[in-house]
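Visitor: Structure below; questions to follow.
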Amino acid sequence: GDYLLTGSYDSTARIWDLQTQYQATEYVQHESEIVAVDLNVDGSSAATLDANGHIHVWDVATGNKLFDIDPESNEFGTEIGGSGGLRGEVLSFPAPLSTGIFSPDGAQLVAFHKDSMKVFDARTGDIKLVLEDAKKSGWPVFSYDSSLVAILELKAKQASVWDLRTGKLVSRLQGHRGALAMLAFSPIDNRIVTGAMESRAIIWDARTGELLRELDDRSGPV
């Protein structure tokens, strides 16, 4: 809790010492705006995602890059750029949707790479699993115990849930009438809640895909 990580539209990321309020480390190897940042649970490494879909993992103490993940596709940038421009889109959607770039246990990260979503070792960058049927424009959200990852299919009406230990698809969350806007796992069990561009939020069993409850106030998009 002594340090803060920030990422900027000037393509830099910085580690700040909260006691002194001075910059401790700077990372300058991105070539486009940084749209998401994360610190590993042990505080030793940082992950930063730029507007072109490149993820860099780097050493917090030195600012040296440990490895990077190249998406080899412009789909991510197209999705988050949208018609309203990068800044306006990212500030509201979809950057805040992810629970982090690292899984909560700090062991892995999920990213689009070449032709599918892949699970990477968070310390080495090695590919551990391939999520063969995941949609290319997915945005990963991890369960609190790091056993599941939900892939939010941008501008689609569904999400898919994968087992991070096996790489197998365990459920598809289908039932919304509008495009999904956000989702979140329960911190205590396998429930997951989704909100969409309609008046309903839905609670699901993440492992079975069973719709458990609909929350509908009919006042406008969630």
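Chain labels run A, B, ... following the order of the structure tokens; each chain numbers its residues from 1, and ligands are numbered from 1 in the order shown.
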Could you list, with a cut-off of 8 Å and counting only C-alpha atoms, the residues of stretch 166-197 of chain A near stretch 205-212 of chain A, each shown with its nearest atom pair and the distance in Å rounded to one decimal, rows sorted by chain and ascending number, as a tab-separated table?
Guide:
residue	atom	partner	partner_atom	distance
A:Val170	CA	A:Arg207	CA	5.6
A:Ser171	CA	A:Gly209	CA	4.9
A:Arg172	CA	A:Gly209	CA	5.8
A:Leu173	CA	A:Gly209	CA	5.4
A:Gln174	CA	A:Gly209	CA	7.9
A:Asn190	CA	A:Ala206	CA	5.5
A:Arg191	CA	A:Asp205	CA	4.7
A:Ile192	CA	A:Ala206	CA	5.7
Visitor: Got a sec: who's within 10 Å of A:Arg177, counting only C-alpha atoms, leaving out chain neighbours fewer than 4 positions off, as a list in words?
Guide: Ala156, Lys157, Gln158, Ala196, Met197, Glu198, Ser199 and Arg200 of chain A
Visitor: Put those residues in a file: N, CA and C atoms, as a PDB file, in the first residue's frame.
Guide:
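Once everything was written out, this is result_10.pdb:
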ATOM      1  N   ALA A 156     -21.499  -7.451 -28.188  1.00  0.00           N
ATOM      2  CA  ALA A 156     -22.339  -8.626 -28.330  1.00  0.00           C
ATOM      3  C   ALA A 156     -23.300  -8.694 -27.159  1.00  0.00           C
ATOM      4  N   LYS A 157     -24.213  -9.634 -27.204  1.00  0.00           N
ATOM      5  CA  LYS A 157     -25.233  -9.767 -26.172  1.00  0.00           C
ATOM      6  C   LYS A 157     -24.926 -10.927 -25.225  1.00  0.00           C
ATOM      7  N   GLN A 158     -23.670 -11.351 -25.171  1.00  0.00           N
ATOM      8  CA  GLN A 158     -23.326 -12.491 -24.343  1.00  0.00           C
ATOM      9  C   GLN A 158     -21.896 -12.381 -23.826  1.00  0.00           C
ATOM     10  N   ALA A 196     -26.372  -4.625 -19.277  1.00  0.00           N
ATOM     11  CA  ALA A 196     -26.374  -4.451 -20.726  1.00  0.00           C
ATOM     12  C   ALA A 196     -27.069  -3.153 -21.106  1.00  0.00           C
ATOM     13  N   MET A 197     -27.036  -2.869 -22.395  1.00  0.00           N
ATOM     14  CA  MET A 197     -27.696  -1.681 -22.913  1.00  0.00           C
ATOM     15  C   MET A 197     -29.201  -1.938 -23.036  1.00  0.00           C
ATOM     16  N   GLU A 198     -29.784  -2.302 -21.924  1.00  0.00           N
ATOM     17  CA  GLU A 198     -31.209  -2.493 -21.748  1.00  0.00           C
ATOM     18  C   GLU A 198     -31.473  -2.242 -20.267  1.00  0.00           C
ATOM     19  N   SER A 199     -32.691  -2.396 -19.824  1.00  0.00           N
ATOM     20  CA  SER A 199     -33.019  -2.024 -18.447  1.00  0.00           C
ATOM     21  C   SER A 199     -32.767  -3.131 -17.437  1.00  0.00           C
ATOM     22  N   ARG A 200     -32.189  -4.255 -17.865  1.00  0.00           N
ATOM     23  CA  ARG A 200     -31.995  -5.377 -16.951  1.00  0.00           C
ATOM     24  C   ARG A 200     -30.533  -5.610 -16.606  1.00  0.00           C
TER      25      ARG A 200
END
Visitor: Taking only C-alpha atoms into account, name the residue in A:Met182, A:Ile34, A:Leu18, A:Ala47 that is nearest to A:Tyr3.
Guide: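 Checking each of A:Met182, A:Ile34, A:Leu18, A:Ala47 against A:Tyr3, counting only C-alpha atoms, the winner is A:Leu18.
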Visitor: Do you know which residues are at most 9 Å from A:Asp70 counting only C-alpha atoms, after dropping those on the same chain fewer than 2 positions away, and could you put them as a VMD selection string?
Guide: chain A and resid 53 to 56 68 72 to 73 112 to 114
Visitor: For each of A:Glu31, A:Pro187, A:Leu152, A:Val141, take the minimum atom-to-atom distance to A:Tyr9, counting only C-alpha atoms, then give the residue where this is smallest.
Guide: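 The answer is A:Glu31, which sits nearest to A:Tyr9.
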Visitor: Which residues, written as a compact mmCIF listing (two decimals) with N, CA and C atoms, in the first residue's frame, have at least one atom at most 12 Å from A:Met117, with only C-alpha atoms counted and residues fewer than 3 positions away on the same chain left out?
Guide:
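part25.txt, freshly written:
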# COMPACT_ATOMS: atom_id res chain seq x y z
N ILE A 69 3.27 -8.68 -24.81
CA ILE A 69 2.35 -9.52 -25.57
C ILE A 69 1.82 -8.69 -26.71
N ASP A 70 2.10 -9.14 -27.92
CA ASP A 70 1.69 -8.43 -29.13
C ASP A 70 0.39 -9.06 -29.63
N PRO A 71 -0.70 -8.30 -29.72
CA PRO A 71 -1.97 -8.90 -30.14
C PRO A 71 -1.99 -9.33 -31.60
N GLU A 72 -1.12 -8.77 -32.42
CA GLU A 72 -1.06 -9.06 -33.86
C GLU A 72 -2.43 -8.90 -34.52
N SER A 73 -3.18 -7.94 -34.04
CA SER A 73 -4.49 -7.63 -34.62
C SER A 73 -4.82 -6.20 -34.25
N PHE A 76 -8.58 -4.84 -31.28
CA PHE A 76 -8.72 -4.22 -29.96
C PHE A 76 -8.79 -2.70 -30.09
N LEU A 109 -2.15 -14.01 -16.80
CA LEU A 109 -2.93 -12.95 -17.42
C LEU A 109 -3.52 -13.51 -18.70
N VAL A 110 -4.61 -12.89 -19.15
CA VAL A 110 -5.33 -13.34 -20.33
C VAL A 110 -5.35 -12.21 -21.34
N ALA A 111 -5.02 -12.51 -22.59
CA ALA A 111 -5.00 -11.47 -23.62
C ALA A 111 -5.25 -12.07 -24.98
N PHE A 112 -5.75 -11.25 -25.90
CA PHE A 112 -5.90 -11.67 -27.28
C PHE A 112 -4.53 -11.67 -27.94
N HIS A 113 -4.19 -12.80 -28.59
CA HIS A 113 -2.88 -12.95 -29.21
C HIS A 113 -3.05 -13.74 -30.51
N LYS A 114 -2.69 -13.15 -31.61
CA LYS A 114 -2.84 -13.76 -32.93
C LYS A 114 -4.30 -14.02 -33.22
N PHE A 120 -1.43 -16.51 -20.28
CA PHE A 120 0.02 -16.40 -20.20
C PHE A 120 0.49 -16.51 -18.76
N ILE A 127 3.03 -18.93 -22.97
CA ILE A 127 1.63 -19.30 -23.15
C ILE A 127 1.34 -20.59 -22.39
N LYS A 128 0.33 -20.55 -21.52
CA LYS A 128 -0.05 -21.72 -20.73
C LYS A 128 -1.25 -22.44 -21.32
N LEU A 129 -2.24 -21.69 -21.77
CA LEU A 129 -3.46 -22.27 -22.31
C LEU A 129 -3.95 -21.43 -23.48
N VAL A 130 -4.67 -22.05 -24.38
CA VAL A 130 -5.32 -21.36 -25.48
C VAL A 130 -6.82 -21.53 -25.33
N LEU A 131 -7.54 -20.42 -25.28
CA LEU A 131 -8.99 -20.45 -25.19
C LEU A 131 -9.53 -20.43 -26.62
N GLU A 132 -9.60 -21.62 -27.22
CA GLU A 132 -9.77 -21.76 -28.66
C GLU A 132 -11.00 -21.05 -29.21
N ASP A 133 -12.11 -21.09 -28.48
CA ASP A 133 -13.35 -20.60 -29.02
C ASP A 133 -13.72 -19.21 -28.53
N ALA A 134 -12.79 -18.54 -27.85
CA ALA A 134 -13.08 -17.22 -27.31
C ALA A 134 -13.16 -16.20 -28.43
N LYS A 135 -14.06 -15.23 -28.27
CA LYS A 135 -14.19 -14.19 -29.28
C LYS A 135 -12.96 -13.27 -29.25
N LYS A 136 -12.59 -12.79 -30.43
CA LYS A 136 -11.35 -12.03 -30.54
C LYS A 136 -11.39 -10.70 -29.80
N SER A 137 -12.56 -10.12 -29.65
CA SER A 137 -12.62 -8.79 -29.03
C SER A 137 -12.98 -8.86 -27.56
N GLY A 138 -12.69 -9.99 -26.94
CA GLY A 138 -13.05 -10.16 -25.54
C GLY A 138 -12.28 -9.26 -24.60
N TRP A 139 -12.89 -8.98 -23.46
CA TRP A 139 -12.26 -8.21 -22.39
C TRP A 139 -12.34 -9.06 -21.14
N PRO A 140 -11.21 -9.56 -20.59
CA PRO A 140 -11.27 -10.55 -19.52
C PRO A 140 -11.56 -9.97 -18.14
N VAL A 149 -12.29 -17.13 -15.78
CA VAL A 149 -12.21 -15.83 -16.44
C VAL A 149 -13.42 -15.70 -17.34
N ALA A 150 -14.08 -14.56 -17.27
CA ALA A 150 -15.22 -14.27 -18.14
C ALA A 150 -14.74 -13.36 -19.26
N ILE A 151 -15.06 -13.72 -20.48
CA ILE A 151 -14.68 -12.94 -21.65
C ILE A 151 -15.90 -12.15 -22.09
N LEU A 152 -15.86 -10.86 -21.88
CA LEU A 152 -16.95 -9.99 -22.29
C LEU A 152 -16.81 -9.72 -23.78
N GLU A 153 -17.76 -10.17 -24.57
CA GLU A 153 -17.68 -10.02 -26.01
C GLU A 153 -18.24 -8.65 -26.39
N SER A 160 -18.70 -15.26 -22.27
CA SER A 160 -18.32 -16.66 -22.10
C SER A 160 -17.43 -16.79 -20.88
N TRP A 162 -14.63 -19.25 -18.81
CA TRP A 162 -13.64 -20.29 -19.05
C TRP A 162 -12.98 -20.69 -17.74
N LEU A 164 -9.74 -21.49 -15.88
CA LEU A 164 -8.34 -21.12 -16.08
C LEU A 164 -7.39 -22.27 -15.79
N GLY A 167 -8.56 -24.47 -19.38
CA GLY A 167 -8.74 -23.80 -20.65
C GLY A 167 -10.05 -24.15 -21.33
N LEU A 169 -14.18 -24.09 -21.98
CA LEU A 169 -15.37 -23.26 -21.86
C LEU A 169 -16.34 -23.94 -20.90
Visitor: Could you please determine the separation between atom CA of A:Ala122 and atom CA of A:Asp105 in Å, to one decimal place?
Guide: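 Result for atom CA of A:Ala122 versus atom CA of A:Asp105: 10.0 Å, one decimal.
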Visitor: Using DSSP secondary structure from the backbone, list all strand (DSSP E or B) positions within chain A, as a PyMOL selection string.
Guide: chain A and resi 3-7+13-17+22-27+34-39+45-50+55-59+65-69+102+108-113+116-121+127-131+138-142+148-153+158-163+169-174+180-185+191-196+200-205+211-216
Visitor: Point out the residue among A:Asp163, A:Asp2, A:Asp126, A:Asp217 with the least atom-to-atom distance to A:Phe142, counting only C-alpha atoms.
Guide: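 Smallest separation from A:Phe142 among the options: A:Asp163.
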Visitor: Would you please work out which residue, of A:Tyr22, A:Phe102, A:Tyr27, A:Phe67, is nearest to A:Gly43 when using only C-alpha atoms?
Guide: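 The answer is A:Phe102, which sits nearest to A:Gly43.
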Visitor: Between atom CA of A:Gln29 and atom CA of A:Leu4, what is the distance in Å, rounded to a tenth?
Guide: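 Taking atom CA of A:Gln29 as the start and atom CA of A:Leu4 as the end point, the length is 18.9 Å.
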